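Shown next: my_file.csv, containing CSV, C-alpha atoms.
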chain,number,residue,atom,x,y,z
Y,946,MET,CA,0.0,0.0,0.0
Y,947,LYS,CA,1.2,3.5,-0.8
Y,948,PRO,CA,2.6,5.4,2.2
Y,949,VAL,CA,0.4,8.2,3.3
Y,950,THR,CA,2.3,11.5,3.7
Y,951,GLU,CA,-0.3,13.8,4.9
Y,952,ILE,CA,-2.6,13.7,7.9
Y,953,LYS,CA,-5.6,11.9,6.5
Y,954,PRO,CA,-8.9,13.0,7.8
Y,955,SER,CA,-11.6,10.3,8.2
Y,956,PRO,CA,-15.0,11.2,6.7
Y,957,GLU,CA,-15.8,13.0,9.9
Y,958,GLY,CA,-12.5,14.7,10.0
Y,959,ALA,CA,-11.5,12.4,12.8
Y,960,TYR,CA,-7.7,11.9,12.5
Y,961,ARG,CA,-6.0,14.2,15.0
Y,962,CYS,CA,-2.6,15.7,15.2
Y,963,ALA,CA,-0.4,13.5,17.3
Y,964,ASP,CA,0.9,16.6,19.2
Y,965,THR,CA,-2.5,17.6,20.4
Y,966,THR,CA,-3.2,14.1,21.5
Y,967,GLY,CA,0.3,14.1,23.2
Y,968,GLN,CA,-0.6,17.2,25.2
Y,969,GLU,CA,-3.9,15.6,26.2
Y,970,ILE,CA,-2.0,12.6,27.4
Y,971,VAL,CA,0.4,14.6,29.5
Y,972,GLN,CA,-2.5,16.4,31.2
Y,973,LEU,CA,-4.3,13.2,31.8
Y,974,TYR,CA,-1.2,11.5,33.1
Y,975,ARG,CA,-0.6,14.2,35.7
Y,976,GLU,CA,-4.2,14.1,36.9
Y,977,ASN,CA,-4.7,10.3,37.0
Y,978,ALA,CA,-1.5,8.3,36.9
Y,979,ALA,CA,-1.0,8.0,40.6
Y,980,GLY,CA,-4.6,7.0,41.2
Y,981,LEU,CA,-4.5,4.5,38.3
Y,982,PHE,CA,-1.2,3.1,39.8
Y,983,ARG,CA,-2.8,2.7,43.2
Y,984,TYR,CA,-5.8,1.0,41.7
Y,985,GLY,CA,-3.5,-1.3,39.7
Y,986,VAL,CA,-1.5,-2.2,42.9
Y,987,VAL,CA,-4.8,-3.1,44.7
Y,988,LEU,CA,-5.9,-5.3,41.8
Y,989,ALA,CA,-2.6,-7.0,41.0
Y,990,ARG,CA,-0.8,-6.7,44.3
Y,991,ASN,CA,2.3,-6.2,42.3
Y,992,ARG,CA,3.9,-2.8,41.5
Y,993,GLU,CA,5.5,-3.8,38.2
Y,994,ALA,CA,2.3,-5.3,36.8
Y,995,ALA,CA,0.4,-2.1,37.9
Y,996,GLN,CA,2.9,0.2,36.3
Y,997,ASP,CA,2.9,-1.8,33.1
Y,998,ALA,CA,-0.9,-1.7,32.9
Y,999,VAL,CA,-1.0,2.1,33.5
Y,1000,GLN,CA,1.6,2.6,30.8
Y,1001,GLU,CA,-0.3,0.4,28.4
Y,1002,ALA,CA,-3.6,2.2,29.2
Y,1003,PHE,CA,-2.1,5.5,28.3
Y,1004,LEU,CA,-0.7,4.1,25.0
Y,1005,ARG,CA,-4.2,2.7,24.1
Y,1006,TYR,CA,-5.7,6.0,25.0
Y,1007,PHE,CA,-3.3,7.7,22.6
Y,1008,ILE,CA,-4.1,5.2,19.8
Y,1009,ALA,CA,-7.8,5.6,20.3
Y,1010,ARG,CA,-7.8,9.4,20.4
Y,1011,ASN,CA,-5.3,9.6,17.5
Y,1012,ALA,CA,-7.7,7.6,15.4
Y,1013,GLY,CA,-10.4,10.0,16.1
Y,1014,GLN,CA,-12.3,8.1,18.8
Y,1015,GLU,CA,-14.2,10.3,21.2
Y,1016,ILE,CA,-13.8,9.3,24.8
Y,1017,GLU,CA,-16.5,10.8,26.9
Y,1018,ARG,CA,-15.1,10.3,30.3
Y,1019,PRO,CA,-11.3,9.7,30.0
Y,1020,LYS,CA,-10.7,9.0,33.7
Y,1021,ALA,CA,-13.3,6.2,33.9
Y,1022,TRP,CA,-12.1,4.9,30.5
Y,1023,LEU,CA,-8.5,4.7,31.8
Y,1024,PHE,CA,-9.5,2.9,35.0
Y,1025,GLN,CA,-11.6,0.5,32.9
Y,1026,VAL,CA,-8.7,-0.3,30.6
Y,1027,VAL,CA,-6.2,-0.8,33.6
Y,1028,ARG,CA,-8.8,-3.2,35.1
Y,1029,ASN,CA,-9.2,-5.2,31.8
Y,1030,LEU,CA,-5.5,-5.5,31.3
Y,1031,LEU,CA,-4.8,-6.7,34.8
Y,1032,LEU,CA,-7.8,-9.0,34.8
Y,1033,ASP,CA,-6.6,-10.5,31.6
Y,1034,SER,CA,-3.1,-11.2,32.8
Y,1035,LEU,CA,-4.4,-12.6,36.1
Y,1036,LYS,CA,-6.7,-14.9,34.2
Y,1037,ALA,CA,-3.9,-15.9,31.9
Y,1038,SER,CA,-1.7,-16.7,34.9
Y,1039,THR,CA,-4.4,-19.0,36.2
Y,1040,LYS,CA,-4.0,-21.3,33.2
Y,1041,ARG,CA,-6.9,-19.9,31.2
Y,1042,LYS,CA,-9.4,-21.1,33.8
Y,1043,GLU,CA,-12.4,-18.8,33.8
Y,1044,VAL,CA,-12.2,-17.1,37.1
Y,1045,GLY,CA,-13.6,-13.9,38.4
Y,1046,LEU,CA,-11.5,-11.1,39.8
Y,1047,GLU,CA,-12.2,-12.3,43.3
Y,1048,ALA,CA,-10.8,-15.7,42.6
Y,1049,ALA,CA,-8.0,-14.3,40.5
Y,1050,SER,CA,-6.7,-11.9,43.1
Y,1051,SER,CA,-7.0,-14.3,46.0
Y,1052,ARG,CA,-4.9,-16.7,43.9
Y,1053,ALA,CA,-2.4,-14.0,43.2
Y,1054,ASP,CA,-2.3,-13.2,46.9
Y,1055,ALA,CA,-1.7,-16.9,47.7
Y,1056,ARG,CA,1.5,-16.8,45.6
Y,1057,PRO,CA,3.0,-13.4,46.1
Y,1058,ASP,CA,5.6,-12.3,43.6
Y,1059,PRO,CA,8.7,-12.3,45.8
Y,1060,GLU,CA,10.3,-9.4,43.9
Y,1061,SER,CA,7.5,-7.0,44.6
Y,1062,GLU,CA,6.0,-8.4,47.7
Y,1063,TYR,CA,8.5,-6.7,50.0
Y,1064,ARG,CA,7.6,-3.4,48.5
Y,1065,LEU,CA,3.9,-3.7,49.3
Y,1066,THR,CA,3.0,-1.4,52.1
Y,1067,GLU,CA,2.0,-2.2,55.7
Y,1068,MET,CA,-1.2,-0.4,55.2
Y,1069,SER,CA,-2.1,-2.3,52.1
Y,1070,ARG,CA,-1.5,-5.6,53.8
Y,1071,ARG,CA,-3.8,-4.5,56.6
Y,1072,TYR,CA,-6.5,-3.6,54.1
Y,1073,TRP,CA,-6.1,-6.8,52.2
Y,1074,GLY,CA,-6.7,-8.9,55.3
Y,1075,LEU,CA,-9.7,-6.9,56.2
Y,1076,LEU,CA,-11.6,-6.4,52.9
Y,1077,SER,CA,-12.7,-8.7,50.1
Y,1078,PRO,CA,-11.2,-8.0,46.7
Y,1079,ARG,CA,-14.5,-6.5,45.5
Y,1080,GLU,CA,-14.8,-4.3,48.5
Y,1081,LEU,CA,-11.2,-3.2,48.2
Y,1082,GLU,CA,-11.6,-2.4,44.5
Y,1083,CYS,CA,-14.8,-0.4,45.1
Y,1084,PHE,CA,-13.3,1.6,47.9
Y,1085,ARG,CA,-10.1,2.3,45.8
Y,1086,LEU,CA,-12.2,3.6,42.9
Y,1087,ARG,CA,-14.2,5.8,45.2
Y,1088,ALA,CA,-11.1,7.1,47.0
Y,1089,GLU,CA,-9.7,8.0,43.6
Y,1090,GLY,CA,-12.7,10.2,42.9
Y,1091,LEU,CA,-14.9,8.1,40.6
Y,1092,ARG,CA,-18.6,8.7,40.8
Y,1093,TYR,CA,-20.9,5.9,41.8
Y,1094,GLN,CA,-22.1,5.5,38.2
Y,1095,GLU,CA,-18.5,5.3,36.9
Y,1096,ILE,CA,-17.6,2.7,39.6
Y,1097,ALA,CA,-20.6,0.7,38.6
Y,1098,GLU,CA,-19.5,0.8,34.9
Y,1099,VAL,CA,-15.9,-0.1,35.6
Y,1100,MET,CA,-16.7,-3.0,38.0
Y,1101,VAL,CA,-19.8,-4.0,36.0
Y,1102,LEU,CA,-22.1,-3.6,39.0
Y,1103,ARG,CA,-25.5,-2.0,39.5
Y,1104,ALA,CA,-25.1,1.6,40.7
Y,1105,GLY,CA,-27.3,0.7,43.7
Y,1106,THR,CA,-24.7,-1.8,44.8
Y,1107,VAL,CA,-21.9,0.7,45.1
Y,1108,GLY,CA,-23.3,2.5,48.1
Y,1109,ALA,CA,-23.9,-0.7,49.9
Y,1110,LEU,CA,-20.4,-1.9,49.2
Y,1111,LEU,CA,-18.9,1.3,50.4
Y,1112,ALA,CA,-21.0,1.4,53.5
Y,1113,ARG,CA,-19.7,-2.1,54.4
Y,1114,VAL,CA,-16.1,-1.2,53.7
Y,1115,GLN,CA,-16.3,1.9,55.8
Y,1116,ARG,CA,-17.9,0.0,58.7
Y,1117,LYS,CA,-15.2,-2.6,58.5
Y,1118,ILE,CA,-12.4,0.0,58.6
Y,1119,ARG,CA,-14.1,1.7,61.6
Y,1120,GLU,CA,-14.4,-1.6,63.5
Y,1121,ASP,CA,-10.8,-2.5,62.7
Y,1122,ASN,CA,-9.7,0.9,63.9
Y,1123,GLU,CA,-11.7,0.4,67.2
Y,1124,GLY,CA,-10.1,-3.1,67.5
Y,1125,LEU,CA,-6.6,-1.5,67.1
Y,1126,ARG,CA,-7.4,1.0,69.8
Y,1127,ARG,CA,-8.6,-1.7,72.2
Y,1128,THR,CA,-5.7,-4.0,71.7
Y,1129,GLY,CA,-2.9,-1.8,70.5
Y,1130,VAL,CA,-0.8,1.0,71.6
Y,1131,PHE,CA,-3.7,3.2,72.3
Y,1132,VAL,CA,-5.0,1.2,75.3
Y,1133,GLU,CA,-3.3,3.1,78.0
Y,1134,ARG,CA,-4.2,6.5,76.7
Y,1135,GLU,CA,-7.7,5.5,75.7
Y,1136,LEU,CA,-8.6,3.5,78.8
Y,1137,PRO,CA,-6.8,5.1,81.7
Y,1138,HIS,CA,-9.2,3.5,84.3
Y,1139,ALA,CA,-9.0,0.0,82.9
Y,1140,PRO,CA,-8.2,-2.6,85.6
Q,705,MET,CA,-39.6,2.2,56.7
Q,706,HIS,CA,-35.9,3.0,57.2
Q,707,LEU,CA,-33.2,3.9,54.7
Q,708,ASP,CA,-30.6,1.2,54.1
Q,709,ALA,CA,-26.9,1.8,54.6
Q,710,GLY,CA,-26.2,1.9,50.9
Q,711,THR,CA,-28.8,4.6,50.3
Q,712,LEU,CA,-27.5,6.6,53.2
Q,713,ALA,CA,-23.9,6.3,51.9
Q,714,ALA,CA,-25.0,7.4,48.5
Q,715,TYR,CA,-27.0,10.3,50.0
Q,716,GLY,CA,-24.0,11.4,52.1
Q,717,ASP,CA,-21.7,11.2,49.0
Q,718,GLY,CA,-24.2,13.3,46.9
Q,719,GLU,CA,-24.7,10.4,44.6
Q,720,LEU,CA,-28.5,9.8,44.8
Q,721,SER,CA,-30.5,10.9,41.8
Q,722,GLU,CA,-32.7,14.0,42.3
Q,723,PRO,CA,-36.1,12.4,43.4
Q,724,ALA,CA,-34.4,9.8,45.6
Q,725,ALA,CA,-32.2,12.5,47.3
Q,726,GLY,CA,-35.3,14.6,48.0
Q,727,ARG,CA,-37.1,11.6,49.5
Q,728,ALA,CA,-34.1,10.7,51.6
Q,729,ALA,CA,-33.7,14.3,52.9
Q,730,ARG,CA,-37.4,14.4,53.9
Q,731,HIS,CA,-37.1,11.1,55.6
Q,732,LEU,CA,-34.0,12.1,57.6
Q,733,LYS,CA,-35.8,15.2,59.0
Q,734,THR,CA,-38.5,13.0,60.6
Q,735,CYS,CA,-36.6,9.8,61.5
Q,736,PRO,CA,-34.0,10.2,64.3
Q,737,ARG,CA,-32.8,6.6,63.9
Q,738,CYS,CA,-31.9,7.1,60.2
Q,739,ALA,CA,-30.4,10.5,61.0
Q,740,GLU,CA,-28.2,9.0,63.6
Q,741,GLU,CA,-27.2,6.2,61.1
Q,742,ALA,CA,-26.4,8.8,58.4
Q,743,GLU,CA,-24.2,10.6,60.9
Q,744,ARG,CA,-22.4,7.4,61.8
Q,745,ILE,CA,-21.8,6.6,58.1
Q,746,ARG,CA,-20.5,10.1,57.5
Q,747,GLY,CA,-18.0,9.6,60.4
Q,748,GLU,CA,-17.0,6.2,59.0
Q,749,ARG,CA,-16.3,7.7,55.6
Q,750,GLU,CA,-14.1,10.4,57.0
Q,751,LEU,CA,-12.2,7.8,59.1
Q,752,SER,CA,-11.7,5.5,56.2
Q,753,LEU,CA,-10.4,8.3,54.0
Q,754,ALA,CA,-8.0,9.3,56.7
Q,755,ALA,CA,-6.8,5.7,56.9
Q,756,ASP,CA,-6.4,5.7,53.2
Q,757,ALA,CA,-4.2,8.8,53.3
Q,758,LEU,CA,-1.4,6.5,54.7
Q,759,PHE,CA,-1.8,4.1,51.8
Q,760,ARG,CA,-1.5,7.0,49.4
Q,761,LEU,CA,1.7,8.1,51.0
Q,762,GLN,CA,3.2,4.7,50.8
Q,763,CYS,CA,2.0,3.7,47.3
Q,764,VAL,CA,3.7,6.0,44.8
Q,765,PRO,CA,4.3,5.4,41.1
Q,766,PRO,CA,7.8,5.5,39.7
Q,767,ALA,CA,9.0,9.1,39.0
Q,768,ASP,CA,9.8,8.4,35.4
Q,769,GLY,CA,6.3,7.1,34.6
Q,770,LEU,CA,5.4,9.9,32.1
Q,771,GLU,CA,8.8,9.4,30.3
Q,772,ARG,CA,8.0,5.7,29.9
Q,773,VAL,CA,4.6,6.5,28.5
Q,774,ARG,CA,6.2,8.9,26.0
Q,775,GLY,CA,8.7,6.2,25.1
Q,776,CYS,CA,6.0,3.7,24.4
Q,777,ILE,CA,4.1,6.2,22.2
Q,778,GLN,CA,7.2,7.1,20.3
Q,779,GLU,CA,8.1,3.4,19.8
Q,780,TRP,CA,4.6,2.7,18.6
Q,781,LEU,CA,4.6,5.7,16.2
Q,782,ARG,CA,7.9,4.5,14.8
Q,783,SER,CA,6.6,1.0,14.3
Q,784,ALA,CA,3.5,2.3,12.5
Q,785,ALA,CA,5.7,4.5,10.3
Q,786,GLY,CA,8.4,1.9,9.7
Q,787,ALA,CA,6.0,-0.3,7.8
Q,788,GLY,CA,5.3,2.7,5.6
Q,789,GLY,CA,1.6,2.1,5.2
Q,790,ALA,CA,-1.5,0.8,6.7
Q,791,MET,CA,-0.1,-2.5,8.1
Q,792,PRO,CA,3.0,-2.3,10.3
Q,793,ALA,CA,5.2,-5.4,9.8
Q,794,SER,CA,4.8,-6.4,13.5
Q,795,SER,CA,1.1,-6.0,12.9
Q,796,ALA,CA,-0.6,-9.1,14.4
Q,797,ALA,CA,-0.6,-7.7,17.9
Q,798,GLU,CA,-1.2,-4.2,16.8
Q,799,LEU,CA,-4.1,-5.3,14.5
Q,800,ARG,CA,-5.7,-7.2,17.4
Q,801,ARG,CA,-5.4,-4.1,19.5
Q,802,ARG,CA,-7.3,-2.1,16.9
Q,803,ILE,CA,-9.8,-4.8,16.5
Q,804,GLY,CA,-10.2,-4.8,20.3
Q,805,ALA,CA,-10.8,-1.1,20.3
Q,806,GLN,CA,-13.6,-1.5,17.8
Q,807,LEU,CA,-15.1,-4.4,19.6
Q,808,GLU,CA,-15.0,-2.4,22.8
Q,809,LEU,CA,-16.8,0.4,21.1
Q,810,TYR,CA,-19.7,-1.8,20.0
Q,811,PHE,CA,-19.9,-4.6,22.6
Q,812,GLY,CA,-18.5,-3.0,25.8
Q,813,SER,CA,-15.2,-3.8,27.3
Q,814,GLU,CA,-16.1,-6.9,29.2
Q,815,THR,CA,-17.6,-8.7,26.2
Q,816,ALA,CA,-14.9,-7.3,23.9
Q,817,ALA,CA,-12.1,-8.8,26.2
Q,818,LEU,CA,-13.8,-12.2,25.8
Q,819,LEU,CA,-14.3,-11.9,22.1
Q,820,GLU,CA,-10.8,-10.8,21.5
Q,821,LYS,CA,-9.6,-13.9,23.3
Q,822,VAL,CA,-11.9,-16.3,21.5
Q,823,ALA,CA,-12.1,-14.9,18.0
Q,824,PRO,CA,-8.5,-15.1,16.8
Q,825,SER,CA,-8.0,-18.7,17.9
Q,826,ARG,CA,-10.7,-19.9,15.6
Q,827,ARG,CA,-8.9,-18.8,12.5
Q,828,PRO,CA,-5.4,-18.5,11.2
Q,829,ALA,CA,-3.5,-16.2,13.5
Q,830,ASP,CA,-2.2,-14.1,10.7
Q,831,ASN,CA,-5.5,-12.6,9.8
Q,832,PRO,CA,-7.6,-11.8,12.9
Q,833,ILE,CA,-9.9,-9.6,10.8
Q,834,THR,CA,-11.5,-12.7,9.2
Q,835,ALA,CA,-12.3,-13.9,12.7
Q,836,VAL,CA,-14.1,-10.8,13.9
Q,837,GLU,CA,-15.8,-9.9,10.6
Q,838,PRO,CA,-18.8,-12.3,11.1
Q,839,LEU,CA,-19.2,-11.0,14.6
Q,840,LEU,CA,-19.3,-7.4,13.5
Q,841,THR,CA,-21.6,-8.2,10.5
Q,842,ALA,CA,-24.0,-10.0,12.8
Q,843,PHE,CA,-24.1,-7.2,15.2
Q,844,LEU,CA,-23.9,-4.1,13.0
Q,845,GLY,CA,-25.1,-5.2,9.7
Q,846,ARG,CA,-23.0,-5.6,6.5
Q,847,LYS,CA,-22.5,-1.9,5.7
Q,848,ALA,CA,-21.6,-0.7,9.2
Q,849,ALA,CA,-19.3,-3.7,9.7
Q,850,ALA,CA,-17.5,-2.9,6.5
Q,851,ALA,CA,-17.0,0.7,7.8
Q,852,ALA,CA,-15.7,-0.6,11.1
Q,853,ILE,CA,-13.2,-2.9,9.4
Q,854,ARG,CA,-12.1,-0.1,7.1
Q,855,GLN,CA,-11.4,2.0,10.2
Q,856,ILE,CA,-9.4,-0.8,11.8
Q,857,LEU,CA,-7.3,-1.0,8.6
Q,858,GLU,CA,-7.0,2.6,7.8
Q,859,GLU,CA,-6.1,3.6,11.3
Q,860,GLY,CA,-2.5,2.6,10.6
Q,861,ALA,CA,-2.5,4.6,7.4
Q,862,GLY,CA,-3.6,7.7,9.0
Q,863,ARG,CA,-1.2,7.3,11.9
Q,864,ALA,CA,1.8,6.4,9.9
Q,865,SER,CA,1.9,9.9,8.5
Q,866,LEU,CA,1.9,11.4,12.0
Q,867,ALA,CA,5.3,10.0,12.9
Q,868,PRO,CA,8.2,12.4,12.6
Q,869,ASP,CA,10.2,10.2,10.2
Q,870,ALA,CA,7.3,9.3,7.9
Q,871,ALA,CA,8.1,9.2,4.2
Rewrite the coordinates I just gave you, this time as structure tokens.
Amino acid sequence: MKPVTEIKPSPEGAYRCADTTGQEIVQLYRENAAGLFRYGVVLARNREAAQDAVQEAFLRYFIARNAGQEIERPKAWLFQVVRNLLLDSLKASTKRKEVGLEAASSRADARPDPESEYRLTEMSRRYWGLLSPRELECFRLRAEGLRYQEIAEVMVLRAGTVGALLARVQRKIREDNEGLRRTGVFVERELPHAP
Amino acid sequence: MHLDAGTLAAYGDGELSEPAAGRAARHLKTCPRCAEEAERIRGERELSLAADALFRLQCVPPADGLERVRGCIQEWLRSAAGAGGAMPASSAAELRRRIGAQLELYFGSETAALLEKVAPSRRPADNPITAVEPLLTAFLGRKAAAAAIRQILEEGAGRASLAPDAA
């Protein structure tokens, strides 16, 4: 096929200048990369896998936009792509068995990647013991600023389920916190009159 | 009739749709039990976000992340331009990616991920288009499917010209 030497507009004038798309990527990266990375870490429990997925998601965004595709809510789109990428690789690593995210992540958890495991934080270990993968994911998305409707789309849930999941997560965190206070370093200060 | 925890959480987050939010507000004015529950949920949300702040501090992406993304994009543009036309030489994966984007557009990402996996394995790996063509035709009709496939193929042609070293 003959090489094309000019920017070729689609019938709708869809092809964009790569520079414009590049600037858009930089802006989106600054706003969302950290949140996408945290989300990836929660899903994959592995920093390298999370970072690869974030990188790939931005590349795909570039490709889609450059081809003229309109992306209505870029933030939710990027979270969705990161999820699909990680879900696919988790599924592939469980020998092509059809497993849900829940099964896939608890499997991943059972065999932690030794290279990245030591880098996982104290706080995340605590969360992961406390919350189910679905609860963790929902809470992460909300903490990263997604609206309920967007969370529902990314996780393929009913929007009505999101509030219930979040309420449960928040209750568990509060109870855990109270448990810490009862049994941990806070005891003396919090319960000065305890026998 | 009391409001459930999910509804109270959604109300507190400003995520209830207009009629439901109005109903919840009226109910909370007259029901001390639900008002107390709403207050408890608000406190729990603040506490969990405070707990999350620690995770945010500890979980930070690599500093050169944006550079890596730029590198990926440059590499991809080069590979598109290197083939000098619509179909980069290393095109099987790239073609599947474009097909994936189209499938995602029409079928939603969940289904598309499944289709992407299934479709190419049924046909010779070197031409994934023949595998998705029947799917697109069944779903979109012949004309629109042809347009979608044209977009998959032409995407490379349009992009190749955007690379700095394009002919």
All residues 9 Å or closer to region 970-978 of chain Y, only C-alpha atoms, same chain fewer than 4 positions away omitted, as a compact mmCIF listing (two decimals) with C-alpha atoms, in the coordinates of the input:
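File written: around_19.txt
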# COMPACT_ATOMS: atom_id res chain seq x y z
CA THR Y 965 -2.50 17.60 20.40
CA THR Y 966 -3.20 14.10 21.50
CA PHE Y 982 -1.20 3.10 39.80
CA ARG Y 983 -2.80 2.70 43.20
CA VAL Y 999 -1.00 2.10 33.50
CA GLN Y 1000 1.60 2.60 30.80
CA PHE Y 1003 -2.10 5.50 28.30
CA LEU Y 1004 -0.70 4.10 25.00
CA TYR Y 1006 -5.70 6.00 25.00
CA PHE Y 1007 -3.30 7.70 22.60
CA PRO Y 1019 -11.30 9.70 30.00
CA LYS Y 1020 -10.70 9.00 33.70
CA LEU Y 1023 -8.50 4.70 31.80
CA GLU Y 1089 -9.70 8.00 43.60
CA PRO Q 765 4.30 5.40 41.10
CA GLY Q 769 6.30 7.10 34.60
CA LEU Q 770 5.40 9.90 32.10
CA VAL Q 773 4.60 6.50 28.50
CA ARG Q 774 6.20 8.90 26.00
(message) Just the number, please: distance in Å from CA of Arg846 (chain Q) to CA of Ser813 (chain Q), one decimal.
(response)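 So the answer is 22.3 Å.
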(request) Can you work out which one of Y:Asp964, Y:Ser1034, Y:Leu988, Y:Arg1127 has the shortest atom-to-atom distance to Glu1080 (chain Y), counting all atoms listed in the file? (result)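 Using all atoms listed in the file, the shortest distance to Glu1080 (chain Y) belongs to Y:Leu988.
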(request) Grab the CA of Ala842 (chain Q) to CA of Leu807 (chain Q) distance for me, in Å with one decimal place. (result)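 Going from CA of Ala842 (chain Q) over to CA of Leu807 (chain Q) covers 12.5 Å.
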(request) Mind giving me the straight-line distance from CA of Leu1076 (chain Y) to CA of Ile1118 (chain Y) in Å, one decimal? (result)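 So the two atoms, CA of Leu1076 (chain Y) and CA of Ile1118 (chain Y), lie 8.6 Å apart.
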(request) Pick out the closest residue to chain Q from this set: Y:Lys1036, Y:Arg1010, Y:Arg1116, Y:Arg990. Count all atoms listed in the file. (result)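 Checking each candidate against chain Q, we get Y:Arg1116 as the closest.
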(message) Would you pick out the contacts of region 1084-1088 of chain Y at 8 Å or less, using all atoms listed in the file, so that residues sharing its chain but fewer than 3 positions from it are not included, and give the list as a PyMOL selection string?
(response) (chain Y and resi 983-984+987+1080-1081+1091-1093+1096+1111+1114) or (chain Q and resi 753+756)
Output the selection as a CSV table (one decimal), in the frame of the given file - C-alpha atoms for each residue.
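As a result, result03.csv now contains:
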chain,number,residue,atom,x,y,z
Y,983,ARG,CA,-2.8,2.7,43.2
Y,984,TYR,CA,-5.8,1.0,41.7
Y,987,VAL,CA,-4.8,-3.1,44.7
Y,1080,GLU,CA,-14.8,-4.3,48.5
Y,1081,LEU,CA,-11.2,-3.2,48.2
Y,1091,LEU,CA,-14.9,8.1,40.6
Y,1092,ARG,CA,-18.6,8.7,40.8
Y,1093,TYR,CA,-20.9,5.9,41.8
Y,1096,ILE,CA,-17.6,2.7,39.6
Y,1111,LEU,CA,-18.9,1.3,50.4
Y,1114,VAL,CA,-16.1,-1.2,53.7
Q,753,LEU,CA,-10.4,8.3,54.0
Q,756,ASP,CA,-6.4,5.7,53.2
(request) Rank Y:Gly1108, Y:Gly980, Y:Pro1078, Y:Gly967 by their smallest atom-to-atom distance to Gln996 (chain Y), using all atoms listed in the file, and report the top residue only. (result)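 The answer is Y:Gly980, which sits nearest to Gln996 (chain Y).
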(request) Using all atoms listed in the file, find the one residue out of Y:Ala1097, Y:Glu1082, Y:Ala989, Y:Ala979 that sits nearest to chain Q. (result)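 Using all atoms listed in the file, the shortest distance to chain Q belongs to Y:Ala979.
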(message) Could you check the closest approach to chain Y for each of Q:Thr841, Q:Thr734, Q:Ser783, Q:Gln762 and tell me which residue wins, using only C-alpha atoms?
(response)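 Of Q:Thr841, Q:Thr734, Q:Ser783, Q:Gln762, the one nearest chain Y is Q:Gln762, counting only C-alpha atoms.
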(request) Considering all atoms listed in the file, state which residue in the set Q:Gly710, Q:Gly812, Q:Gly726, Q:Gly747 is at the smallest distance from chain Y. (result)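 Comparing Q:Gly710, Q:Gly812, Q:Gly726, Q:Gly747 against chain Y, the winner is Q:Gly710.
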(message) Give me, as a PyMOL selection string, all polymer residues having an atom no more than 12 Å from Glu741 (chain Q), counting only C-alpha atoms and skipping those fewer than 2 positions away in the same chain.
(response) (chain Y and resi 1112+1116) or (chain Q and resi 706-713+715-716+732+735-739+743-748)
Add whatever atoms are absent from region 971-982 of chain Y to reach N, CA and C atoms, and provide the output as a JSON list (two decimals), keeping the file's coordinate frame.
[["chain", "number", "residue", "atom", "x", "y", "z"],
["Y", 971, "VAL", "N", -0.37, 14.09, 28.43],
["Y", 971, "VAL", "CA", 0.40, 14.60, 29.50],
["Y", 971, "VAL", "C", -0.49, 15.14, 30.65],
["Y", 972, "GLN", "N", -1.51, 15.87, 30.24],
["Y", 972, "GLN", "CA", -2.50, 16.40, 31.20],
["Y", 972, "GLN", "C", -3.16, 15.28, 31.97],
["Y", 973, "LEU", "N", -3.65, 14.31, 31.22],
["Y", 973, "LEU", "CA", -4.30, 13.20, 31.80],
["Y", 973, "LEU", "C", -3.42, 12.38, 32.74],
["Y", 974, "TYR", "N", -2.18, 12.25, 32.31],
["Y", 974, "TYR", "CA", -1.20, 11.50, 33.10],
["Y", 974, "TYR", "C", -1.02, 12.19, 34.45],
["Y", 975, "ARG", "N", -0.83, 13.50, 34.41],
["Y", 975, "ARG", "CA", -0.60, 14.20, 35.70],
["Y", 975, "ARG", "C", -1.79, 14.09, 36.61],
["Y", 976, "GLU", "N", -2.98, 14.10, 36.05],
["Y", 976, "GLU", "CA", -4.20, 14.10, 36.90],
["Y", 976, "GLU", "C", -4.46, 12.65, 37.43],
["Y", 977, "ASN", "N", -4.15, 11.64, 36.64],
["Y", 977, "ASN", "CA", -4.70, 10.30, 37.00],
["Y", 977, "ASN", "C", -3.67, 9.19, 37.19],
["Y", 978, "ALA", "N", -2.41, 9.41, 36.83],
["Y", 978, "ALA", "CA", -1.50, 8.30, 36.90],
["Y", 978, "ALA", "C", -1.32, 7.69, 38.26],
["Y", 979, "ALA", "N", -1.20, 8.57, 39.26],
["Y", 979, "ALA", "CA", -1.00, 8.00, 40.60],
["Y", 979, "ALA", "C", -2.18, 7.21, 41.07],
["Y", 980, "GLY", "N", -3.38, 7.70, 40.79],
["Y", 980, "GLY", "CA", -4.60, 7.00, 41.20],
["Y", 980, "GLY", "C", -4.72, 5.66, 40.43],
["Y", 981, "LEU", "N", -4.39, 5.69, 39.14],
["Y", 981, "LEU", "CA", -4.50, 4.50, 38.30],
["Y", 981, "LEU", "C", -3.44, 3.45, 38.87],
["Y", 982, "PHE", "N", -2.28, 3.96, 39.24],
["Y", 982, "PHE", "CA", -1.20, 3.10, 39.80],
["Y", 982, "PHE", "C", -1.70, 2.42, 41.08]]
